[in-house]
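Content type compact mmCIF, C-alpha atoms, from the file input.txt:
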# COMPACT_ATOMS: atom_id res chain seq x y z
CA MET A 469 -43.47 60.14 -17.93
CA ALA A 470 -45.46 57.03 -18.85
CA ALA A 471 -42.45 54.85 -18.10
CA ALA A 472 -42.01 56.53 -14.71
CA ALA A 473 -45.69 56.05 -13.87
CA ALA A 474 -45.52 52.40 -14.88
CA ALA A 475 -42.43 51.90 -12.73
CA ALA A 476 -44.11 53.56 -9.75
CA ALA A 477 -47.19 51.35 -10.18
CA THR A 478 -45.01 48.27 -10.38
CA GLY A 479 -43.16 49.29 -7.21
CA SER A 480 -46.45 49.85 -5.40
CA LYS A 481 -47.70 46.40 -6.41
CA ARG A 482 -44.47 44.83 -5.23
CA LYS A 483 -44.82 46.52 -1.81
CA GLN A 484 -48.41 45.33 -1.50
CA ASN A 485 -47.45 41.80 -2.51
CA GLY A 486 -44.51 41.91 -0.10
CA SER A 487 -46.65 42.98 2.86
CA LYS A 488 -49.26 40.38 1.95
CA SER A 489 -46.69 37.59 1.69
CA GLU A 490 -45.16 38.70 5.00
CA SER A 491 -48.49 38.48 6.82
CA GLU A 492 -49.15 35.08 5.24
CA ARG A 493 -45.71 33.96 6.38
CA GLU A 494 -46.43 35.04 9.96
CA SER A 495 -49.75 33.18 9.94
CA SER A 496 -48.04 30.11 8.55
CA ASP A 497 -45.34 30.29 11.23
CA LYS A 498 -47.97 30.31 13.98
CA ARG A 499 -49.60 27.22 12.53
CA VAL A 500 -46.22 25.52 12.22
CA TRP A 501 -45.42 26.17 15.90
CA LEU A 502 -48.83 24.84 16.95
CA TYR A 503 -48.58 21.70 14.81
CA SER A 504 -44.97 21.13 15.90
CA ALA A 505 -45.80 21.42 19.61
CA LEU A 506 -48.74 19.04 19.27
CA LEU A 507 -46.69 16.53 17.27
CA ALA A 508 -43.81 16.63 19.78
CA LEU A 509 -46.28 15.95 22.61
CA GLN A 510 -48.00 13.11 20.73
CA TYR A 511 -44.80 11.51 19.49
CA GLY A 512 -43.13 11.64 22.89
CA ALA A 513 -46.17 10.44 24.81
CA GLN A 514 -47.26 7.64 22.44
CA PRO A 515 -45.03 4.90 23.94
CA LEU A 516 -46.20 5.69 27.48
CA ILE A 517 -49.84 5.93 26.38
CA SER A 518 -49.66 2.55 24.65
CA LYS A 519 -48.02 0.86 27.62
CA ARG A 520 -50.47 2.38 30.10
CA PHE A 521 -53.75 1.86 28.22
CA VAL A 522 -53.10 -1.28 26.15
CA ARG A 523 -53.24 -4.50 28.16
CA ARG A 524 -50.70 -7.18 27.30
CA GLU A 525 -53.39 -9.64 26.19
CA VAL A 526 -54.70 -7.26 23.51
CA ILE A 527 -54.22 -8.80 20.06
CA VAL A 528 -51.65 -6.70 18.20
CA THR A 529 -53.33 -6.95 14.79
CA SER A 530 -56.64 -5.72 16.18
CA LEU A 531 -54.88 -2.65 17.58
CA VAL A 532 -53.14 -1.94 14.27
CA LEU A 533 -56.38 -2.30 12.29
CA ALA A 534 -58.14 0.08 14.67
CA CYS A 535 -55.35 2.64 14.20
CA GLU A 536 -55.71 2.41 10.40
CA VAL A 537 -59.48 2.93 10.59
CA ALA A 538 -58.96 5.96 12.84
CA LYS A 539 -56.45 7.45 10.38
CA VAL A 540 -58.94 7.10 7.51
CA LEU A 541 -61.66 8.84 9.51
CA CYS A 542 -59.32 11.68 10.54
CA ALA A 543 -58.10 12.21 6.96
CA LEU A 544 -61.67 12.22 5.60
CA ILE A 545 -62.67 14.80 8.19
CA VAL A 546 -59.76 17.05 7.21
CA LEU A 547 -60.49 16.71 3.47
CA THR A 548 -64.17 17.50 4.09
CA ILE A 549 -63.31 20.59 6.10
CA ASN A 550 -60.87 22.01 3.52
CA GLY A 551 -63.32 21.24 0.65
CA SER A 552 -61.00 19.11 -1.48
CA LEU A 553 -62.70 15.74 -0.98
CA ALA A 554 -65.03 16.02 -4.01
CA LYS A 555 -62.22 16.92 -6.44
CA LEU A 556 -59.96 14.14 -5.18
CA CYS A 557 -62.77 11.60 -5.51
CA LYS A 558 -63.42 12.74 -9.08
CA ASP A 559 -59.75 12.41 -10.10
CA TRP A 560 -59.14 9.16 -8.19
CA SER A 561 -58.23 5.94 -10.00
CA LEU A 562 -57.34 2.46 -8.77
CA VAL A 563 -54.19 2.33 -10.91
CA LYS A 564 -52.81 5.50 -9.31
CA ALA A 565 -53.74 4.31 -5.85
CA LEU A 566 -51.96 0.98 -6.32
CA THR A 567 -48.93 2.66 -7.88
CA PHE A 568 -48.45 5.38 -5.26
CA SER A 569 -49.83 3.76 -2.09
CA GLY A 570 -49.94 -0.03 -2.47
CA LEU A 571 -46.32 -0.94 -1.67
CA PRO A 572 -45.83 1.67 1.10
CA ALA A 573 -49.08 0.48 2.67
CA ALA A 574 -47.88 -3.11 2.93
CA ILE A 575 -44.55 -1.92 4.36
CA TYR A 576 -46.16 0.36 6.93
CA ALA A 577 -48.60 -2.36 8.00
CA LEU A 578 -45.68 -4.65 8.87
CA GLN A 579 -43.83 -1.75 10.51
CA ASN A 580 -46.78 -0.90 12.76
CA SER A 581 -47.08 -4.51 13.93
CA LEU A 582 -43.39 -4.56 14.81
CA LEU A 583 -43.71 -1.27 16.70
CA GLN A 584 -46.64 -2.57 18.72
CA ILE A 585 -44.57 -5.60 19.74
CA SER A 586 -41.61 -3.38 20.65
CA TYR A 587 -43.78 -1.01 22.75
CA LYS A 588 -44.49 -3.85 25.15
CA ASN A 589 -40.88 -5.01 25.57
CA LEU A 590 -38.81 -1.81 25.83
CA ASP A 591 -38.86 1.11 28.21
CA SER A 592 -40.30 4.22 26.60
CA LEU A 593 -37.12 6.29 26.29
CA THR A 594 -35.09 3.44 24.75
CA PHE A 595 -37.88 2.78 22.27
CA SER A 596 -38.07 6.44 21.24
CA MET A 597 -34.31 6.77 20.80
CA LEU A 598 -33.89 3.54 18.82
CA ASN A 599 -36.83 4.57 16.69
CA GLN A 600 -34.81 7.60 15.54
CA THR A 601 -32.54 5.36 13.46
CA LYS A 602 -35.25 5.56 10.82
CA LEU A 603 -33.69 8.92 9.84
CA PHE A 604 -30.56 7.09 8.70
CA PHE A 605 -32.57 4.65 6.62
CA THR A 606 -34.73 7.47 5.26
CA ALA A 607 -31.56 9.21 4.06
CA PHE A 608 -30.23 5.96 2.60
CA PHE A 609 -33.36 5.13 0.64
CA GLY A 610 -33.77 8.79 -0.30
CA PHE A 611 -30.43 8.58 -2.07
CA MET A 612 -31.21 5.21 -3.65
CA ILE A 613 -34.67 6.18 -4.91
CA LEU A 614 -34.62 10.00 -5.20
CA ARG A 615 -30.85 10.54 -5.58
CA GLN A 616 -30.80 12.98 -2.66
CA LYS A 617 -27.18 13.55 -1.64
CA GLN A 618 -25.92 14.10 1.91
CA SER A 619 -23.43 16.71 3.14
CA ILE A 620 -20.34 15.72 5.12
CA PRO A 621 -21.88 16.95 8.44
CA GLN A 622 -25.00 14.93 7.64
CA ILE A 623 -22.93 11.78 7.11
CA GLY A 624 -21.18 12.43 10.43
CA ALA A 625 -24.55 12.91 12.10
CA LEU A 626 -25.75 9.56 10.79
CA PHE A 627 -22.68 7.84 12.23
CA LEU A 628 -23.39 9.47 15.62
CA LEU A 629 -26.89 8.09 15.42
CA ILE A 630 -25.60 4.59 14.75
CA ILE A 631 -23.27 4.82 17.77
CA ALA A 632 -26.20 5.88 19.93
CA ALA A 633 -28.27 2.94 18.68
CA VAL A 634 -25.44 0.53 19.51
CA LEU A 635 -25.12 1.97 23.03
CA LEU A 636 -28.83 1.57 23.59
CA SER A 637 -28.78 -1.99 22.28
CA ILE A 638 -25.96 -2.94 24.64
CA GLY A 639 -27.57 -1.22 27.62
CA GLU A 640 -31.05 -2.58 27.07
CA GLY A 641 -29.87 -6.08 26.27
CA THR A 642 -27.59 -6.50 29.28
CA ARG A 643 -29.17 -4.69 32.20
CA LYS A 644 -31.89 -6.17 34.37
CA SER A 645 -35.20 -4.44 33.79
CA SER A 646 -37.66 -3.56 36.49
CA ARG A 647 -40.00 -6.19 35.11
CA ASN A 648 -37.34 -8.94 35.36
CA ARG A 649 -37.38 -9.61 31.64
CA ASN A 650 -35.01 -12.06 30.00
CA PRO A 651 -32.29 -10.08 28.13
CA GLU A 652 -32.84 -12.28 25.06
CA GLU A 653 -36.56 -11.49 25.15
CA VAL A 654 -35.78 -7.77 25.31
CA LEU A 655 -33.36 -8.09 22.40
CA PHE A 656 -35.49 -10.19 20.04
CA TYR A 657 -38.93 -8.83 21.00
CA GLY A 658 -37.94 -5.22 21.75
CA ILE A 659 -34.75 -4.03 20.08
CA VAL A 660 -34.82 -6.10 16.86
CA PRO A 661 -38.46 -5.27 15.98
CA VAL A 662 -37.98 -1.51 16.39
CA LEU A 663 -34.78 -1.54 14.30
CA VAL A 664 -36.42 -3.57 11.52
CA ALA A 665 -39.37 -1.18 11.70
CA SER A 666 -36.92 1.71 11.24
CA VAL A 667 -35.56 0.15 8.04
CA LEU A 668 -39.08 -0.33 6.70
CA SER A 669 -39.98 3.22 7.72
CA GLY A 670 -37.08 4.64 5.71
CA LEU A 671 -38.04 2.67 2.61
CA ALA A 672 -41.73 3.57 2.84
CA SER A 673 -40.91 7.23 3.55
CA ALA A 674 -38.79 7.48 0.40
CA LEU A 675 -41.54 5.87 -1.67
CA CYS A 676 -44.14 8.26 -0.26
CA GLN A 677 -41.87 11.25 -0.91
CA TRP A 678 -41.45 10.10 -4.50
CA ALA A 679 -45.25 9.87 -4.89
CA SER A 680 -46.03 13.24 -3.29
CA GLN A 681 -43.14 15.36 -4.62
CA VAL A 682 -42.43 13.78 -8.01
CA LYS A 683 -45.94 12.57 -8.88
CA LYS A 684 -47.85 15.27 -6.89
CA HIS A 685 -50.15 12.82 -5.11
CA SER A 686 -52.21 14.28 -2.24
CA SER A 687 -50.76 13.39 1.17
CA TYR A 688 -54.22 13.10 2.78
CA LEU A 689 -55.46 10.86 -0.04
CA MET A 690 -52.32 8.78 0.31
CA THR A 691 -53.04 8.37 4.04
CA ILE A 692 -56.51 7.02 3.24
CA GLU A 693 -55.28 4.71 0.47
CA MET A 694 -52.37 3.37 2.49
CA SER A 695 -54.55 2.70 5.52
CA ILE A 696 -57.07 0.78 3.41
CA PHE A 697 -54.42 -1.22 1.56
CA GLY A 698 -52.52 -1.89 4.77
CA SER A 699 -55.67 -3.12 6.47
CA MET A 700 -56.37 -5.43 3.54
CA CYS A 701 -52.85 -6.89 3.84
CA LEU A 702 -53.33 -7.47 7.55
CA LEU A 703 -56.73 -9.08 7.05
CA ALA A 704 -55.25 -11.41 4.42
CA SER A 705 -52.36 -12.37 6.71
CA MET A 706 -54.76 -13.21 9.54
CA TYR A 707 -55.96 -16.36 7.73
CA LYS A 708 -53.11 -18.47 9.14
CA SER A 709 -51.52 -16.17 11.70
CA PRO A 710 -51.55 -16.56 15.50
CA ASP A 711 -53.38 -13.24 15.77
CA GLY A 712 -56.01 -14.48 13.34
CA ASP A 713 -56.53 -17.64 15.38
CA ALA A 714 -56.72 -15.57 18.56
CA MET A 715 -59.34 -13.26 17.06
CA ARG A 716 -61.47 -16.15 15.81
CA LYS A 717 -61.28 -17.75 19.22
CA SER A 718 -61.58 -14.74 21.53
CA GLY A 719 -62.98 -11.95 19.32
CA PHE A 720 -61.56 -8.81 17.72
CA PHE A 721 -61.75 -6.71 20.89
CA TYR A 722 -60.29 -9.32 23.24
CA GLY A 723 -58.45 -7.55 26.08
CA TRP A 724 -59.75 -4.12 25.05
CA THR A 725 -61.11 -1.54 27.47
CA PRO A 726 -62.64 1.85 26.69
CA LEU A 727 -59.24 3.38 27.45
CA THR A 728 -57.63 1.36 24.63
CA LEU A 729 -59.15 3.92 22.28
CA VAL A 730 -56.81 6.57 23.71
CA PRO A 731 -53.60 5.30 22.02
CA VAL A 732 -55.60 4.46 18.88
CA LEU A 733 -56.86 8.02 18.50
CA ALA A 734 -53.50 9.48 19.53
CA ASN A 735 -51.79 7.47 16.80
CA ALA A 736 -54.31 8.65 14.21
CA VAL A 737 -53.93 12.31 15.19
CA GLY A 738 -50.16 11.91 15.05
CA GLY A 739 -50.39 10.67 11.47
CA ILE A 740 -52.34 13.78 10.46
CA LEU A 741 -49.93 16.08 12.34
CA VAL A 742 -46.92 14.57 10.56
CA GLY A 743 -48.50 15.51 7.23
CA LEU A 744 -49.28 19.04 8.42
CA VAL A 745 -45.77 19.66 9.79
CA THR A 746 -44.19 18.31 6.61
CA THR A 747 -46.50 20.40 4.43
CA TYR A 748 -46.06 23.71 6.25
CA ALA A 749 -42.49 23.40 7.56
CA GLY A 750 -40.65 20.62 5.76
CA GLY A 751 -38.12 18.18 7.12
CA VAL A 752 -36.06 20.68 9.15
CA ARG A 753 -38.81 21.53 11.62
CA LYS A 754 -39.93 17.92 11.72
CA GLY A 755 -36.40 16.96 12.82
CA PHE A 756 -36.51 19.41 15.70
CA VAL A 757 -39.93 18.05 16.63
CA ILE A 758 -38.43 14.57 16.87
CA VAL A 759 -35.64 15.86 19.13
CA SER A 760 -38.20 17.58 21.35
CA ALA A 761 -40.23 14.38 21.49
CA LEU A 762 -37.24 12.54 22.98
CA LEU A 763 -37.12 15.04 25.80
CA VAL A 764 -40.88 14.76 26.26
CA THR A 765 -40.59 10.98 26.55
CA ALA A 766 -37.82 11.19 29.14
CA LEU A 767 -39.75 13.75 31.18
CA LEU A 768 -43.04 11.83 31.08
CA GLN A 769 -41.35 8.54 31.92
CA PHE A 770 -39.73 10.07 34.99
CA ILE A 771 -42.97 11.78 36.09
CA PHE A 772 -45.41 8.91 35.59
CA GLU A 773 -43.20 5.85 36.06
CA GLY A 774 -40.65 7.25 38.50
CA LYS A 775 -37.94 5.51 36.49
CA PRO A 776 -34.80 7.50 35.66
CA PRO A 777 -33.04 6.59 32.39
CA SER A 778 -30.18 4.08 32.45
CA LEU A 779 -26.55 5.17 32.14
CA TYR A 780 -26.49 4.03 28.51
CA CYS A 781 -29.56 6.15 27.79
CA ILE A 782 -27.96 9.16 29.45
CA VAL A 783 -24.83 8.76 27.30
CA ALA A 784 -26.82 8.11 24.12
CA LEU A 785 -29.34 10.93 24.55
CA PRO A 786 -26.95 13.82 23.70
CA LEU A 787 -25.60 11.79 20.79
CA VAL A 788 -29.09 11.39 19.38
CA ILE A 789 -29.92 15.08 19.90
CA THR A 790 -26.60 16.22 18.37
CA SER A 791 -26.86 13.90 15.38
CA ILE A 792 -30.43 14.87 14.49
CA SER A 793 -29.68 18.58 14.93
CA MET A 794 -26.56 18.33 12.73
CA TYR A 795 -28.43 16.42 10.06
CA GLN A 796 -31.19 19.00 9.84
CA LYS A 797 -28.96 22.10 10.19
CA TYR A 798 -26.36 21.30 7.51
CA PRO A 799 -28.17 20.06 4.41
CA TYR A 800 -26.39 19.24 1.17
CA ARG A 801 -25.89 22.34 -0.99
CA ILE A 802 -25.50 22.09 -4.75
CA LYS A 803 -22.20 23.51 -5.96
CA LYS A 804 -22.15 26.07 -8.76
CA LYS A 805 -20.48 23.64 -11.16
CA GLU A 806 -23.14 21.01 -10.43
CA ALA A 807 -25.91 23.60 -10.88
Could I get this file's structure written as structure tokens?
Amino acid sequence: MAAAAAAAATGSKRKQNGSKSESERESSDKRVWLYSALLALQYGAQPLISKRFVRREVIVTSLVLACEVAKVLCALIVLTINGSLAKLCKDWSLVKALTFSGLPAAIYALQNSLLQISYKNLDSLTFSMLNQTKLFFTAFFGFMILRQKQSIPQIGALFLLIIAAVLLSIGEGTRKSSRNRNPEEVLFYGIVPVLVASVLSGLASALCQWASQVKKHSSYLMTIEMSIFGSMCLLASMYKSPDGDAMRKSGFFYGWTPLTLVPVLANAVGGILVGLVTTYAGGVRKGFVIVSALLVTALLQFIFEGKPPSLYCIVALPLVITSISMYQKYPYRIKKKEA
């Protein structure tokens, strides 16, 4: 009798826990959909926002530094709201910050500068699609640093992505743009910077994943640390850089308008949303968000610029969508013998 009563009580607790976990799962799913939709909109619109609201004479380094400051403020606001700021401050140490955030910060600072240069020299859809090659380099450095293996469909998806990047490079480098740009200028100041930025993004992403998953470092705290370290690297590089000379001569906010704050704040919010999507949904949903962002970019470019995508973009777009979908849908599964 006692055993039966204990079993009944255990079953009742399991039902209660099951219903509770189910309701929590539904609430989490709603947040995931909200964060994913907002991130897709921000990610897809960022190239157009930057081109529309950032004048060509704006000093790139000043824009990058402003984005880093905005990220710090957004992360501090989030930590204050969720009540974890005091505990993180108490447990913080300079050694941990340098170990987990120092190198990725320097890498991301250089990546952001390259992206700002590329924004100004590529059309928005081409930029967004070439920027997706960072998934390949993320997978590569994930294997090198974290030993994360790829399935056969994932390897095939990465090859599709490379083919799409080659098509875009050929199309963007050979066709005449509406702004009558020199093809060499488009190649070396548009295509090359975004591809190098993708390599750096993959390396920094793997390092951040190692810090957050293996070493359990807070993602919000890492955002703050990396922004501060990255800003310090940029400030140090300004001593003998053209941007540094330009700022000393013309001022930090040379070429800025009040509307320049729009892409700065959008970039900062996007950084927070990436952390939220990754935390609540993981890489699979983030991959679908990236695919959706491509479609958002194409739609917004057609609506606001009246410029349909080139033939190469039309051919490459389904390749990019297919490759990213395949990569996220067929992850590597550990075999029983390996387990």
- With a distance cut-off of 6 Å and all atoms listed in the file, select the neighbouring residues of stretch 658-669 of chain A, excluding the residue or stretch itself and same-chain residues fewer than 3 positions from it, and output the selection as number ranges by chain. A: 579, 582-583, 586, 589-590, 602, 605, 654-655, 672-673
- Using all atoms listed in the file: which of A:Arg523, A:Leu547, A:Asn735, A:Met690 has the shortest distance to A:Leu509: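 When distances to A:Leu509 are compared using all atoms listed in the file, the smallest one comes from A:Asn735.
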- Find the residue from A:Ser518, A:Thr548, A:Thr606, A:Ser680 that sits nearest to A:Gln618; use all atoms listed in the file when measuring. A:Thr606
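Between A:Leu614 and the candidates A:Asn599, A:Leu541, A:Ala632, A:Ala674, the tightest atom-to-atom separation, counting all atoms listed in the file, involves A:Ala674.
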- For atom CA of A:Glu525 and atom CA of A:Gly723, the interatomic separation in Å (one decimal):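 So the two atoms, atom CA of A:Glu525 and atom CA of A:Gly723, lie 5.5 Å apart.
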Taking every listed atom of stretch 760-770 of chain A and adding 6 Å to each side, what centre and edge lengths in Å (one decimal) does the axis-aligned box have, as lines of an AutoDock Vina configuration file?
center_x = -40.1
center_y = 13.1
center_z = 28.2
size_x = 17.9
size_y = 21.0
size_z = 25.6
- Task: Compare A:Val526, A:Leu629, A:Ala734, A:Met612 by their minimum atom-to-atom distance to A:Tyr511, counting only C-alpha atoms, and give me the closest one.
- Result: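 Closest candidate: A:Ala734.
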- Could you state the separation of atom CA of A:Ala714 and atom CA of A:Leu571 in Å, given to one decimal place?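 Going from atom CA of A:Ala714 over to atom CA of A:Leu571, I get 27.0 Å.
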- Message: What's around A:Leu556 at 10 Å? Count only C-alpha atoms, leave out sequence neighbours fewer than 2 positions away in its own chain, and write the answer as number ranges by chain.
- Response: A: 547, 551-554, 558-561, 685-686, 688-689
- Query: Between A:Tyr503, A:Phe627, A:Phe568, A:Tyr722, which has the minimum distance to A:Phe604 (counting only C-alpha atoms)?
  - Reply: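 When distances to A:Phe604 are compared using only C-alpha atoms, the smallest one comes from A:Phe627.
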- Task: Counting all atoms listed in the file, figure out which residue out of A:Ala625, A:Ala534, A:Leu675, A:Met694 gets nearest to A:Leu566.
- Result: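 Once distances to A:Leu566 are computed over all atoms listed in the file, the minimum belongs to A:Met694.
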- Task: Enter the distance from atom CA of A:Pro621 to atom CA of A:Thr790, in Å, rounded to one decimal.
- Result: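 Here the two named atoms are 11.0 Å from each other.
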- Starting from the point (-45.9, 13.3, 0.2), work out which residues of protein, DNA or RNA have an atom no more than 6 Å away when counting all atoms listed in the file; state them as a list in words. Cys676, Gln677, Ser680, Gln681 and Ser687 of chain A
Would you save the residues from that selection as a PDB file, in the coordinates of the input, using C-alpha atoms?
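Done, and the output landed in out09.pdb:
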ATOM      1  CA  CYS A 676     -44.140   8.260  -0.260  1.00  0.00           C
ATOM      2  CA  GLN A 677     -41.870  11.250  -0.910  1.00  0.00           C
ATOM      3  CA  SER A 680     -46.030  13.240  -3.290  1.00  0.00           C
ATOM      4  CA  GLN A 681     -43.140  15.360  -4.620  1.00  0.00           C
ATOM      5  CA  SER A 687     -50.760  13.390   1.170  1.00  0.00           C
TER       6      SER A 687
END
